[in-house]
Structures are given as C-alpha cells and as structure tokens.
$ cat protein_0.cif   # mmCIF, C-alpha atoms
data_entry
loop_
_atom_site.label_atom_id
_atom_site.label_comp_id
_atom_site.auth_asym_id
_atom_site.auth_seq_id
_atom_site.Cartn_x
_atom_site.Cartn_y
_atom_site.Cartn_z
CA MET A 25 37.89 77.67 182.17
CA ALA A 26 41.11 78.39 180.42
CA ALA A 27 41.30 80.81 177.53
CA GLU A 28 40.12 79.37 174.27
CA LEU A 29 40.66 80.01 170.63
CA HIS A 30 38.17 80.02 167.82
CA VAL A 31 38.90 77.51 165.08
CA GLU A 32 37.63 77.57 161.51
CA LEU A 33 38.50 74.55 159.41
CA VAL A 34 37.55 75.35 155.83
CA ALA A 35 37.98 73.35 152.65
CA ALA A 36 37.88 74.95 149.21
CA ASP A 37 34.20 74.23 148.69
CA ARG A 38 32.75 74.15 152.20
CA SER A 39 33.28 74.95 155.83
CA VAL A 40 34.23 71.67 157.55
CA TRP A 41 34.28 72.48 161.25
CA SER A 42 34.22 75.52 163.45
CA GLY A 43 34.13 75.97 167.18
CA GLU A 44 36.10 76.77 170.30
CA ALA A 45 39.26 74.86 171.18
CA THR A 46 42.06 74.88 173.70
CA LEU A 47 44.77 73.29 171.57
CA VAL A 48 45.29 72.65 167.89
CA VAL A 49 48.09 70.46 166.59
CA ALA A 50 48.89 70.56 162.89
CA ARG A 51 51.76 69.49 160.70
CA THR A 52 53.58 72.28 158.88
CA THR A 53 56.36 71.80 156.38
CA SER A 54 58.91 72.37 159.15
CA GLY A 55 57.35 70.01 161.66
CA ASP A 56 54.38 69.58 163.97
CA ILE A 57 53.15 72.72 165.60
CA GLY A 58 50.82 73.14 168.54
CA VAL A 59 48.81 76.34 168.93
CA MET A 60 47.24 77.36 172.22
CA PRO A 61 45.37 80.55 173.06
CA GLY A 62 47.63 83.58 173.16
CA HIS A 63 50.08 82.19 170.63
CA GLN A 64 51.89 84.78 168.59
CA PRO A 65 50.38 85.52 165.14
CA LEU A 66 51.39 82.74 162.84
CA LEU A 67 51.07 81.86 159.20
CA GLY A 68 52.34 78.50 158.07
CA VAL A 69 52.21 76.05 155.20
CA LEU A 70 50.60 72.73 156.09
CA GLU A 71 51.77 69.32 155.04
CA SER A 72 49.35 66.57 154.25
CA GLY A 73 48.59 65.15 157.68
CA PRO A 74 46.11 64.74 160.50
CA VAL A 75 45.07 67.83 162.44
CA THR A 76 44.04 67.36 166.07
CA ILE A 77 41.73 69.89 167.67
CA ARG A 78 41.12 69.66 171.43
CA THR A 79 37.77 71.32 171.91
CA SER A 80 36.93 73.36 174.99
CA GLU A 81 34.35 70.76 176.02
CA GLY A 82 37.19 68.28 176.40
CA GLY A 83 36.52 66.34 173.21
CA THR A 84 38.91 65.77 170.37
CA VAL A 85 38.28 66.39 166.71
CA VAL A 86 40.62 64.80 164.22
CA ALA A 87 40.63 65.77 160.57
CA ALA A 88 42.65 64.65 157.60
CA VAL A 89 43.98 67.74 155.86
CA HIS A 90 45.70 67.63 152.47
CA GLY A 91 47.82 70.67 151.83
CA GLY A 92 46.85 74.16 152.87
CA PHE A 93 47.64 76.81 155.43
CA ILE A 94 47.34 77.57 159.07
CA SER A 95 46.83 81.14 160.12
CA PHE A 96 46.47 82.38 163.67
CA ALA A 97 45.87 85.89 165.01
CA ASP A 98 43.87 87.38 167.89
CA ASP A 99 42.93 83.95 169.23
CA LYS A 100 41.33 83.11 165.90
CA LEU A 101 42.77 80.17 164.03
CA SER A 102 41.97 79.32 160.43
CA LEU A 103 42.94 76.11 158.78
CA LEU A 104 42.61 76.39 155.03
CA ALA A 105 42.81 73.20 153.05
CA GLU A 106 42.02 72.21 149.51
CA ILE A 107 40.65 68.95 150.85
CA ALA A 108 39.74 68.41 154.49
CA GLU A 109 37.70 65.62 156.04
CA LEU A 110 36.73 64.95 159.62
CA ALA A 111 37.71 61.53 160.93
CA ASP A 112 34.07 60.41 161.25
CA GLU A 113 33.42 61.34 157.61
CA ILE A 114 36.18 59.13 156.31
CA ASP A 115 35.21 55.84 154.76
CA VAL A 116 37.84 53.45 156.13
CA GLN A 117 37.27 50.69 153.61
CA ARG A 118 37.46 53.14 150.75
CA ALA A 119 40.67 54.67 152.09
CA GLU A 120 42.18 51.19 152.49
CA ARG A 121 41.23 50.30 148.94
CA ALA A 122 42.68 53.61 147.75
CA LEU A 123 45.89 52.87 149.65
CA GLU A 124 46.27 49.47 148.00
CA ARG A 125 45.53 50.92 144.61
CA ALA A 126 48.01 53.73 145.12
CA LYS A 127 50.67 51.27 146.26
CA ALA A 128 50.11 49.11 143.22
CA ALA A 129 50.28 52.12 140.92
CA ALA A 130 53.27 53.57 142.83
CA ASP A 131 51.44 56.88 143.10
CA ALA A 132 53.17 58.54 146.04
CA ALA A 133 50.74 61.44 146.38
CA SER A 134 47.56 59.39 146.60
CA GLU A 135 49.33 56.81 148.80
CA ARG A 136 50.13 59.61 151.22
CA ARG A 137 46.56 60.92 151.09
CA ALA A 138 45.12 57.50 151.88
CA GLU A 139 47.62 56.98 154.71
CA VAL A 140 46.74 60.34 156.25
CA ARG A 141 43.06 59.46 156.12
CA LEU A 142 43.64 56.14 157.86
CA ARG A 143 45.89 57.73 160.48
CA ALA A 144 43.25 60.37 161.19
CA VAL A 145 40.68 57.64 161.78
CA ALA A 146 43.06 55.64 163.99
CA GLY A 147 43.88 58.71 166.08
CA HIS A 148 40.24 59.35 166.78
CA MET B 30 -11.52 72.42 107.37
CA GLY B 31 -10.18 75.14 105.13
CA ALA B 32 -6.52 75.30 104.14
CA GLN B 33 -5.97 78.60 105.94
CA LEU B 34 -7.44 77.31 109.18
CA ARG B 35 -5.34 74.14 108.99
CA VAL B 36 -2.14 76.19 108.65
CA TYR B 37 -3.03 78.22 111.75
CA LYS B 38 -3.89 75.13 113.76
CA ARG B 39 -0.56 73.56 112.85
CA ARG B 40 1.37 76.66 113.88
CA ILE B 41 -0.47 76.87 117.20
CA ARG B 42 0.44 73.24 117.91
CA SER B 43 4.12 73.78 117.17
CA VAL B 44 4.32 76.99 119.23
CA THR B 45 2.60 75.25 122.15
CA ALA B 46 5.22 72.48 122.03
CA THR B 47 8.02 75.06 121.98
CA LYS B 48 6.45 76.88 124.90
CA LYS B 49 6.40 73.68 126.94
CA ILE B 50 10.11 73.18 126.28
CA THR B 51 11.12 76.76 127.15
CA LYS B 52 8.96 76.63 130.28
CA ALA B 53 10.72 73.45 131.39
CA MET B 54 14.14 74.98 130.70
CA GLU B 55 13.16 78.08 132.66
CA MET B 56 12.21 76.01 135.69
CA ILE B 57 15.32 73.86 135.50
CA ALA B 58 17.50 76.98 135.31
CA ALA B 59 15.64 78.55 138.23
CA SER B 60 16.29 75.55 140.45
CA ARG B 61 19.94 75.44 139.41
CA ILE B 62 20.52 79.10 140.30
CA VAL B 63 19.75 78.33 143.93
CA LYS B 64 22.22 75.45 143.94
CA ALA B 65 24.89 77.57 142.23
CA GLN B 66 24.35 80.40 144.69
CA ARG B 67 24.74 77.99 147.58
CA GLN B 68 28.03 76.80 146.09
CA VAL B 69 29.26 80.39 145.78
CA ALA B 70 28.36 80.96 149.44
CA ALA B 71 30.09 77.72 150.50
CA SER B 72 33.32 78.69 148.76
CA THR B 73 33.39 82.19 150.24
CA PRO B 74 34.98 81.41 153.68
CA TYR B 75 37.97 79.77 152.00
CA ALA B 76 38.37 82.63 149.53
CA THR B 77 38.17 85.35 152.20
CA GLU B 78 40.58 83.61 154.55
CA LEU B 79 42.99 83.00 151.72
CA THR B 80 42.85 86.60 150.50
CA ARG B 81 43.40 87.74 154.06
CA ALA B 82 46.44 85.49 154.41
CA VAL B 83 47.89 86.68 151.08
CA THR B 84 47.41 90.29 152.09
CA ALA B 85 48.99 89.59 155.45
CA VAL B 86 52.13 88.12 153.91
CA ALA B 87 52.40 90.69 151.18
CA THR B 88 52.00 93.67 153.52
CA GLY B 89 53.47 92.21 156.70
CA SER B 90 56.80 91.25 155.23
CA ASN B 91 59.23 93.02 152.98
CA THR B 92 59.40 90.07 150.67
CA LYS B 93 59.72 90.92 147.04
CA HIS B 94 57.97 88.22 145.15
CA PRO B 95 57.60 88.22 141.36
CA LEU B 96 53.89 87.63 141.80
CA THR B 97 53.23 90.69 143.92
CA THR B 98 55.54 93.20 142.24
CA GLU B 99 54.68 94.71 138.92
CA ALA B 100 57.14 94.19 136.11
CA ALA B 101 58.87 97.39 134.96
CA ALA B 102 57.76 96.88 131.38
CA PRO B 103 55.05 94.26 131.15
CA ALA B 104 55.23 92.70 127.70
CA ARG B 105 52.68 89.93 127.82
CA ALA B 106 49.39 89.35 129.56
CA ALA B 107 47.14 86.34 129.90
CA VAL B 108 43.37 86.71 129.70
CA LEU B 109 41.11 83.98 131.01
CA LEU B 110 37.62 84.19 129.55
CA LEU B 111 34.72 82.32 131.10
CA THR B 112 31.76 81.55 128.79
CA SER B 113 29.09 78.87 128.76
CA ASP B 114 29.01 75.47 127.08
CA ARG B 115 25.44 75.77 125.91
CA GLY B 116 23.46 78.51 124.24
CA LEU B 117 19.90 79.68 124.88
CA ALA B 118 21.09 81.97 127.62
CA GLY B 119 20.39 85.31 125.99
CA GLY B 120 23.41 87.59 125.73
CA TYR B 121 25.34 85.78 128.46
CA SER B 122 28.28 84.44 126.44
CA SER B 123 28.42 87.29 123.94
CA ASN B 124 28.57 89.87 126.75
CA ALA B 125 31.53 88.08 128.32
CA ILE B 126 33.22 87.75 124.91
CA LYS B 127 32.70 91.46 124.24
CA ALA B 128 34.19 92.36 127.61
CA ALA B 129 37.20 90.17 126.79
CA ASP B 130 37.54 91.86 123.39
CA ARG B 131 37.55 95.29 125.02
CA LEU B 132 40.15 94.20 127.57
CA THR B 133 42.33 92.63 124.87
CA GLU B 134 42.09 95.82 122.85
CA ARG B 135 43.12 97.91 125.86
CA LEU B 136 46.06 95.65 126.70
CA ARG B 137 47.22 95.68 123.08
CA GLY B 138 46.98 99.48 123.22
CA GLU B 139 49.34 99.42 126.18
CA GLY B 140 51.80 97.45 124.07
CA LYS B 141 51.27 94.04 125.58
CA GLU B 142 50.90 90.76 123.80
CA VAL B 143 47.77 88.89 124.84
CA ASP B 144 47.44 85.13 125.39
CA THR B 145 43.82 84.03 125.58
CA TYR B 146 42.60 81.12 127.69
CA ILE B 147 38.99 80.10 127.30
CA VAL B 148 36.49 78.13 129.35
CA GLY B 149 33.24 77.10 127.66
CA ARG B 150 32.29 75.84 124.21
CA LYS B 151 30.69 79.13 123.13
CA GLY B 152 33.89 81.11 123.59
CA VAL B 153 35.95 78.44 121.88
CA ALA B 154 33.54 78.43 118.90
CA TYR B 155 33.68 82.24 118.64
CA TYR B 156 37.47 82.29 118.62
CA SER B 157 37.95 79.35 116.28
CA PHE B 158 35.41 80.76 113.80
CA ARG B 159 37.43 83.97 113.65
CA GLU B 160 40.65 81.97 113.53
CA ARG B 161 42.08 83.71 116.57
CA LYS B 162 44.79 82.04 118.57
CA VAL B 163 43.81 80.43 121.85
CA ALA B 164 46.53 79.40 124.28
CA ASP B 165 44.40 76.79 126.03
CA SER B 166 40.72 75.95 126.45
CA TRP B 167 38.46 73.82 128.63
CA THR B 168 34.88 72.72 128.07
CA GLY B 169 32.24 70.54 129.67
CA PHE B 170 31.90 71.83 133.23
CA THR B 171 30.49 75.36 133.10
CA ASP B 172 27.14 74.19 134.52
CA SER B 173 28.50 73.05 137.84
CA PRO B 174 32.25 73.52 138.18
CA SER B 175 34.17 71.65 140.88
CA TYR B 176 37.36 72.65 142.62
CA ALA B 177 39.25 70.08 140.55
CA ASN B 178 38.09 71.93 137.41
CA ALA B 179 39.36 75.21 138.84
CA LYS B 180 42.70 73.56 139.57
CA ALA B 181 42.95 72.27 136.02
CA VAL B 182 42.23 75.74 134.63
CA ALA B 183 44.59 77.50 137.03
CA ALA B 184 47.57 75.16 136.48
CA PRO B 185 48.72 76.44 133.05
CA LEU B 186 48.04 80.03 134.15
CA ILE B 187 50.24 79.67 137.21
CA GLU B 188 52.89 78.03 135.09
CA ALA B 189 52.75 80.89 132.58
CA VAL B 190 53.05 83.49 135.33
CA THR B 191 56.04 81.84 136.99
CA LYS B 192 57.93 81.49 133.70
CA GLU B 193 60.26 84.24 132.53
CA THR B 194 58.69 86.59 130.00
CA ALA B 195 61.42 85.87 127.47
CA GLU B 196 60.55 82.15 127.57
CA GLY B 197 56.87 82.72 126.86
CA GLY B 198 55.73 83.56 130.36
CA VAL B 199 53.27 86.33 131.16
CA ASP B 200 53.57 89.37 133.41
CA GLU B 201 49.91 89.91 134.09
CA LEU B 202 46.92 87.71 134.60
CA HIS B 203 43.40 88.95 133.90
CA ILE B 204 40.12 87.15 134.25
CA VAL B 205 36.88 87.99 132.45
CA TYR B 206 33.72 86.47 133.88
CA THR B 207 30.10 87.30 134.56
CA GLU B 208 29.61 88.55 138.06
CA PHE B 209 26.43 87.43 139.79
CA VAL B 210 24.88 90.51 141.39
CA SER B 211 21.29 89.36 141.77
CA MET B 212 18.72 87.22 140.00
CA MET B 213 18.07 90.07 137.59
CA THR B 214 21.53 91.60 137.24
CA GLN B 215 24.70 89.93 136.03
CA ASN B 216 27.63 91.95 134.77
CA ALA B 217 30.52 90.88 132.61
CA VAL B 218 33.59 92.14 134.47
CA ASP B 219 37.34 91.97 134.02
CA ASN B 220 39.68 91.69 136.98
CA ARG B 221 43.42 91.67 137.25
CA MET B 222 44.40 88.69 139.37
CA LEU B 223 48.16 89.08 139.23
CA PRO B 224 50.29 90.92 140.05
CA LEU B 225 48.30 91.35 143.16
CA SER B 226 47.15 94.88 143.74
CA LEU B 227 47.37 95.14 147.49
CA GLU B 228 44.95 98.03 147.79
CA GLN B 229 42.26 95.95 146.15
CA ALA B 230 42.99 92.87 148.23
CA GLN B 231 42.94 94.98 151.35
CA GLU B 232 39.61 96.47 150.40
CA GLU B 233 38.17 92.99 150.02
CA THR B 234 39.20 91.80 153.45
CA ALA B 235 40.02 94.67 155.75
CA GLY B 236 36.93 96.66 154.89
CA LYS B 237 36.14 96.79 158.59
CA GLY B 238 39.27 98.82 159.25
CA GLU B 239 41.02 95.81 160.70
CA ILE B 240 44.76 96.06 161.14
CA LEU B 241 46.64 92.94 160.21
CA PRO B 242 48.93 91.64 162.95
CA LEU B 243 52.62 90.97 162.51
CA PHE B 244 52.72 87.34 161.57
CA ASP B 245 55.35 84.80 162.41
CA PHE B 246 55.94 82.87 159.20
CA GLU B 247 56.47 79.15 159.16
CA PRO B 248 58.88 78.21 157.53
CA SER B 249 59.57 81.66 155.98
CA ALA B 250 57.69 84.52 154.35
CA GLU B 251 59.00 83.60 150.88
CA ASP B 252 58.00 79.97 151.21
CA VAL B 253 54.59 80.85 152.53
CA LEU B 254 54.01 83.26 149.67
CA ASP B 255 55.27 80.69 147.17
CA ALA B 256 52.75 78.19 148.47
CA LEU B 257 49.95 80.70 148.90
CA LEU B 258 49.83 82.32 145.50
CA PRO B 259 48.96 79.25 143.41
CA ARG B 260 46.18 78.45 145.91
CA TYR B 261 45.08 82.08 145.69
CA VAL B 262 44.83 81.92 141.90
CA GLU B 263 42.97 78.60 142.10
CA SER B 264 40.53 79.95 144.62
CA ARG B 265 39.91 83.10 142.56
CA VAL B 266 39.36 81.01 139.44
CA TYR B 267 37.03 78.71 141.38
CA ASN B 268 35.04 81.63 142.70
CA ALA B 269 34.80 83.16 139.22
CA LEU B 270 33.68 79.81 137.76
CA LEU B 271 30.97 79.46 140.38
CA GLN B 272 29.73 83.01 139.88
CA ALA B 273 29.77 82.52 136.12
CA ALA B 274 27.73 79.32 136.53
CA ALA B 275 25.16 81.12 138.70
CA SER B 276 25.01 83.97 136.16
CA GLU B 277 24.62 81.52 133.29
CA HIS B 278 21.63 79.89 134.94
CA ALA B 279 20.11 83.27 135.78
CA ALA B 280 20.62 84.49 132.20
CA ARG B 281 19.14 81.29 130.81
CA ARG B 282 16.17 81.54 133.15
CA ARG B 283 15.51 85.10 131.99
CA ALA B 284 15.92 84.25 128.30
CA MET B 285 13.62 81.25 128.64
CA LYS B 286 11.07 83.26 130.58
CA SER B 287 10.79 85.84 127.81
CA ALA B 288 10.69 83.03 125.23
CA THR B 289 7.80 81.44 127.13
CA ASP B 290 6.01 84.81 127.38
CA ASN B 291 6.51 85.45 123.66
CA ALA B 292 5.23 81.99 122.82
CA GLY B 293 2.13 82.71 124.90
CA GLU B 294 1.51 85.94 123.03
CA LEU B 295 2.07 84.23 119.71
CA ILE B 296 -0.47 81.54 120.62
CA THR B 297 -3.05 84.19 121.55
CA SER B 298 -2.67 86.09 118.28
CA LEU B 299 -2.61 82.87 116.24
CA THR B 300 -5.80 81.71 117.98
CA ARG B 301 -7.45 85.01 117.07
CA LEU B 302 -6.39 84.61 113.43
CA ALA B 303 -7.60 81.01 113.40
CA ASN B 304 -10.97 82.10 114.82
CA ALA B 305 -11.26 84.81 112.19
CA ALA B 306 -10.41 82.28 109.49
CA ARG B 307 -13.05 79.90 110.82
CA GLN B 308 -15.64 82.68 110.88
CA ALA B 309 -14.76 83.67 107.33
CA GLU B 310 -15.09 80.06 106.27
CA ILE B 311 -18.51 79.74 107.88
CA THR B 312 -19.67 83.04 106.37
CA GLN B 313 -18.50 81.87 102.99
CA GLU B 314 -20.24 78.52 103.36
CA ILE B 315 -23.50 80.23 104.37
CA SER B 316 -23.37 82.64 101.47
CA GLU B 317 -22.57 79.72 99.17
CA ILE B 318 -25.62 77.79 100.45
CA VAL B 319 -27.87 80.85 100.28
CA GLY B 320 -26.59 81.72 96.80
CA GLY B 321 -26.94 78.10 95.67
CA SER B 322 -30.52 77.73 96.94
CA ALA B 323 -31.49 81.10 95.39
CA ALA B 324 -30.07 79.96 92.07
CA LEU B 325 -31.95 76.64 92.36
CA ALA B 326 -35.17 78.46 93.23
CA ASP B 327 -34.71 80.76 90.23
CA ALA B 328 -34.10 77.78 87.96
CA ASN B 329 -37.13 75.89 89.30
CA ALA B 330 -39.33 78.98 88.93
CA GLY B 331 -38.20 79.20 85.28
CA SER B 332 -38.98 75.51 84.50
CA ASP B 333 -42.44 75.63 86.04
CA LYS B 334 -43.68 77.98 83.43
#

$ encode --input "protein_0.cif" --output "structure tokens"
Amino acid sequence: MAAELHVELVAADRSVWSGEATLVVARTTSGDIGVMPGHQPLLGVLESGPVTIRTSEGGTVVAAVHGGFISFADDKLSLLAEIAELADEIDVQRAERALERAKAAADAASERRAEVRLRAVAGH
Amino acid sequence: MGAQLRVYKRRIRSVTATKKITKAMEMIAASRIVKAQRQVAASTPYATELTRAVTAVATGSNTKHPLTTEAAAPARAAVLLLTSDRGLAGGYSSNAIKAADRLTERLRGEGKEVDTYIVGRKGVAYYSFRERKVADSWTGFTDSPSYANAKAVAAPLIEAVTKETAEGGVDELHIVYTEFVSMMTQNAVDNRMLPLSLEQAQEETAGKGEILPLFDFEPSAEDVLDALLPRYVESRVYNALLQAAASEHAARRRAMKSATDNAGELITSLTRLANAARQAEITQEISEIVGGSAALADANAGSDK
C-alpha cells in the first residue's frame, strides 16, 4: 500500500468528510492542484469548484466546495470551506432549478455555485 | 366563602399558572442548550483549522499585513456586543452590556474613539434608551444563529477594518460575548479579534508544542492572508454567536428554574395562609352560632316567666 494522507473536509458549521486518501485534486485561484502524500507544506486559496479525493480503498469522493482554503502539512490535508457538499448530498433537480434561476437573474455567483454542484455530481 | 379566603384562592390560581409557564420555558431552554452546544462543537474543527492556517501564514512569512500589525497610534476601535433578543434570561444581557461598557471606558481612556456594533434586541434597546450612537445592529437570530448571520455581522466590521482610519475605518476590533463554560457558568468576556495577537492565536492552536512547518503559499502569502482574514473574522464571530446562544439558553434555564422554585414556595405559603383564613372563618362561624343560640336561649328563658 502506498503512503496515504489524512484528509479533513470541513465546512463552517460541520465536518463534511474525513478519511485516508492517496490523491486530492482541488482548484486554487492559480489553477488545479493535485496533492499526494509527501507533498511539501502548502497553503492555498480555493476557487469555487469540485474537489476530487481518491480514497485509499480505491474509491472516489467528489465534493462541491465554494470558496475556502487548502492546507497541507505532515501528510495531513485540511480543506476548509464556507460551504461544502458531497456529490451524493447534492439535489440535482434543485441545483438545475437554481442554475436556471441564476441565469435568468444574471447572478454570476449563484450561477457558478449551481454549475459547480452539477459538475461535482457529473464527475461522480 | 369569606372575602379573605377568596383573595388567597385567586392568588394561588394565578401563581400556579405562572409556574406552569416558567416550567415550560425552563424545559424548552434546557433542550435548546444541548442543540446549541452541539452546534458549537460542530463549528470547532473549522475554527481551529482556520486559526492554525492564519497563525501559519502570519508567523511563517515575513508579510506585513495591516490586519496583523498594530497601528502605531490606534485612534479608533470597533466593539461588537452580543446580547439576546428576548428577556427572561436573568442577568445575561445586562452582564454582557456591562462588560461592553467597561471595555468602552478602557478604550476611551486609552484615547480611542469607539464604534459600537450590536447584536440582539436587548442591547439595541439599552443603547437607544440612553441615546448612545450605534454604528450598526442586527436582531432576530440570537436563538439559533447560522453562518449566514455571522457573515452578515462580520461584513461591515471587515469593511471598517480595511478602511483607512482617516476615512472612518477602525484600527482595532473587539468582541464582547458571553462565553459558555458549563451549564452553570457563563462569563461575559471581551476579546480583541484584530489586529491578531499571534501569541494568543498560537496558544489556541499550538498548545501541544507543535511547530508549524514552512508553508508553500499558493498563490502568495499576501493573497492567502488577504483571503484568510475575512474568513477568520467570520468564523470568530460565528463561534461567539453560537457560544452566546448556548449561554443565553443556559441563563434562561437557570432564571426560569429559580422562578419555578419561587412560585412553588409562594404557592406553599399562600396555601398555608388560605388554610388559616378558612380555619378563622370556621371558628368565627361556630362562635357566631354558639353566641346566637345562647342569646336565643336567654331570650326564651326570659319570655317563659
């Protein structure tokens, strides 16, 4: 078994997911970044986007993360987000409705949020 | 039934009704404390990780950020006071208000102007009654605050901190709230949120003697700090709101418990008085009957002759 890293995905009001992983891909303001065990300590600002966690059991966890930070040190990775939802928690119909509403209202921020949600579900 | 007895009976009825209400409030508050405590616990991982990240950037880089360095001559400070929307919570709101008054006094003594921000109807009422200036206020969510509420409260504070002092910005940010220690103990405390005192932040996170690694910042230390600090303020405000909510419920539970106990005592003593009044009434009636029959007997004895 390859080395693994411990991931904590926490939202402002709850802990969303935690476990062991072999690879985490997240979107920072300067582009997508992949973190594997043994990566150098890192602290980055996240963009609204899907986060992919490859768990050590071989599964994949996808979460929609809206703003926040990624911090990695000593094989421990924390993803801090104001809002974070796992792909299986996302209500597709609701996100689609939100997307249409946001498009109609020309609200760029909520349009982006809804798109990220849908992308996270599709990537699952 | 005699007039005296009727008065007692009426008072017992009204106190019993009051006792039922306070008992219900006590139980509602007790169940809400548990929920509030759970919320505090749920928000803790985010707060700790965030504080750790802020400490890491602030210590691990030589960045000079206006939010982490103290102004040479701080001229203005913002005070955020957290009170409750509703009363019947004992000294909960007034303790927080007193703590805020003391802090304001101290800051004025140090030659700073103080802008007050208030959460909760009780605090707003106190300040408006005394015609004191309030920079901004929020009401309606002190029972169960959400993260969105914390964001709304933090937004003008962050804006005030980032503005230049000459344009009405503030150099320091203080928060006064009621810290939840246990079910029985809640303390009104004041904390300085900004500028960040690194020693304090370090104490909070690196209590286990952990040494923070040298981080690689993405995109850069300044940008990370810029993005981190507003979130840090929001998370601190959120945590304070949640603790204040838990404290409010605990204070209300305690106040209502003693109200219920007092009502019980009052009912006991009123029942005793009512019994005494009934006894007195009976005694009086008996003596009236005895006296009446004696008088009749005397009269009859007189007429027989």

$ closest_residue --input "protein_0.cif" --among "A:Ala36, A:Ala45, A:Leu123, A:Val69" --to "Gln68 in chain B" --atoms "all atoms listed in the file"
A:Ala36

$ atom_distance --input "protein_0.cif" --atom1 "CA of Thr47 in chain B" --atom2 "CA of Arg115 in chain B"
17.9 Å

$ interface_residues --input "protein_0.cif" --of "chain B" --to "chain A" --cutoff "9 Å" --atoms "only C-alpha atoms" --output "ChimeraX atom specification"
/B:68-76,78-79,82,85-86,175-176,241-250,252-253,256-257,260,264,267

$ resolve_selection --input "protein_0.cif" --expression "the PyMOL selection byres ((chain A and resi 84-86) around 8)" --output "PDB file with C-alpha atoms, in the frame of the given file"
ATOM      1  CA  PRO A  74      46.110  64.740 160.500  1.00  0.00           C
ATOM      2  CA  VAL A  75      45.070  67.830 162.440  1.00  0.00           C
ATOM      3  CA  THR A  76      44.040  67.360 166.070  1.00  0.00           C
ATOM      4  CA  ILE A  77      41.730  69.890 167.670  1.00  0.00           C
ATOM      5  CA  ARG A  78      41.120  69.660 171.430  1.00  0.00           C
ATOM      6  CA  THR A  79      37.770  71.320 171.910  1.00  0.00           C
ATOM      7  CA  GLY A  82      37.190  68.280 176.400  1.00  0.00           C
ATOM      8  CA  GLY A  83      36.520  66.340 173.210  1.00  0.00           C
ATOM      9  CA  ALA A  87      40.630  65.770 160.570  1.00  0.00           C
ATOM     10  CA  ALA A  88      42.650  64.650 157.600  1.00  0.00           C
ATOM     11  CA  LEU A 110      36.730  64.950 159.620  1.00  0.00           C
ATOM     12  CA  ALA A 111      37.710  61.530 160.930  1.00  0.00           C
ATOM     13  CA  ALA A 144      43.250  60.370 161.190  1.00  0.00           C
ATOM     14  CA  VAL A 145      40.680  57.640 161.780  1.00  0.00           C
ATOM     15  CA  GLY A 147      43.880  58.710 166.080  1.00  0.00           C
ATOM     16  CA  HIS A 148      40.240  59.350 166.780  1.00  0.00           C
TER      17      HIS A 148
END

$ atom_distance --input "protein_0.cif" --atom1 "CA of Tyr146 in chain B" --atom2 "CA of Asp165 in chain B"
5.0 Å

$ atom_distance --input "protein_0.cif" --atom1 "CA of Ala189 in chain B" --atom2 "CA of Ala102 in chain B"
16.8 Å

$ residues_near_point --input "protein_0.cif" --point "(30.4, 73.5, 136.7)" --cutoff "9 Å" --atoms "all atoms listed in the file" --output "list in words"
Ala65, Gly169, Phe170, Thr171, Asp172, Ser173, Pro174, Ser175, Asn178, Leu270, Leu271 and Ala274 of chain B

$ resolve_selection --input "protein_0.cif" --expression "the PyMOL selection byres ((chain A and resi 136) around 12)" --output "MDAnalysis selection string"
chainID A and resid 71:74 88:91 119:120 122:127 130:135 137:143

$ closest_residue --input "protein_0.cif" --among "B:Arg105, B:Ala154, B:Ser113, B:Arg135" --to "Gly197 in chain B" --atoms "only C-alpha atoms"
B:Arg105

$ decode --input "protein_0.cif" --residues "range 161-195 of chain B" --atoms "C-alpha atoms" --output "PDB file, in the first residue's frame"
ATOM      1  CA  ARG B 161     -25.943  56.375  22.510  1.00  0.00           C
ATOM      2  CA  LYS B 162     -24.677  56.062  18.982  1.00  0.00           C
ATOM      3  CA  VAL B 163     -24.693  52.622  17.415  1.00  0.00           C
ATOM      4  CA  ALA B 164     -22.772  52.055  14.198  1.00  0.00           C
ATOM      5  CA  ASP B 165     -24.837  49.051  13.136  1.00  0.00           C
ATOM      6  CA  SER B 166     -27.150  46.493  14.723  1.00  0.00           C
ATOM      7  CA  TRP B 167     -28.750  43.142  13.946  1.00  0.00           C
ATOM      8  CA  THR B 168     -31.680  41.401  15.605  1.00  0.00           C
ATOM      9  CA  GLY B 169     -33.784  38.291  15.210  1.00  0.00           C
ATOM     10  CA  PHE B 170     -31.317  35.395  15.212  1.00  0.00           C
ATOM     11  CA  THR B 171     -29.684  35.203  18.640  1.00  0.00           C
ATOM     12  CA  ASP B 172     -31.573  31.982  19.472  1.00  0.00           C
ATOM     13  CA  SER B 173     -30.000  29.900  16.746  1.00  0.00           C
ATOM     14  CA  PRO B 174     -27.527  31.832  14.614  1.00  0.00           C
ATOM     15  CA  SER B 175     -26.475  30.470  11.222  1.00  0.00           C
ATOM     16  CA  TYR B 176     -23.237  31.016   9.365  1.00  0.00           C
ATOM     17  CA  ALA B 177     -25.043  33.404   7.009  1.00  0.00           C
ATOM     18  CA  ASN B 178     -25.920  35.556  10.050  1.00  0.00           C
ATOM     19  CA  ALA B 179     -22.281  35.583  11.116  1.00  0.00           C
ATOM     20  CA  LYS B 180     -21.287  36.659   7.613  1.00  0.00           C
ATOM     21  CA  ALA B 181     -23.809  39.492   7.671  1.00  0.00           C
ATOM     22  CA  VAL B 182     -22.470  40.699  11.030  1.00  0.00           C
ATOM     23  CA  ALA B 183     -18.824  40.355  10.017  1.00  0.00           C
ATOM     24  CA  ALA B 184     -19.138  42.157   6.656  1.00  0.00           C
ATOM     25  CA  PRO B 185     -19.337  45.769   7.934  1.00  0.00           C
ATOM     26  CA  LEU B 186     -16.673  45.008  10.554  1.00  0.00           C
ATOM     27  CA  ILE B 187     -14.244  43.728   7.944  1.00  0.00           C
ATOM     28  CA  GLU B 188     -15.030  46.724   5.781  1.00  0.00           C
ATOM     29  CA  ALA B 189     -14.361  49.084   8.695  1.00  0.00           C
ATOM     30  CA  VAL B 190     -11.051  47.398   9.472  1.00  0.00           C
ATOM     31  CA  THR B 191      -9.788  47.518   5.893  1.00  0.00           C
ATOM     32  CA  LYS B 192     -10.657  51.210   5.502  1.00  0.00           C
ATOM     33  CA  GLU B 193      -8.098  53.875   6.357  1.00  0.00           C
ATOM     34  CA  THR B 194      -8.560  55.362   9.814  1.00  0.00           C
ATOM     35  CA  ALA B 195      -8.855  58.865   8.385  1.00  0.00           C
TER      36      ALA B 195
END
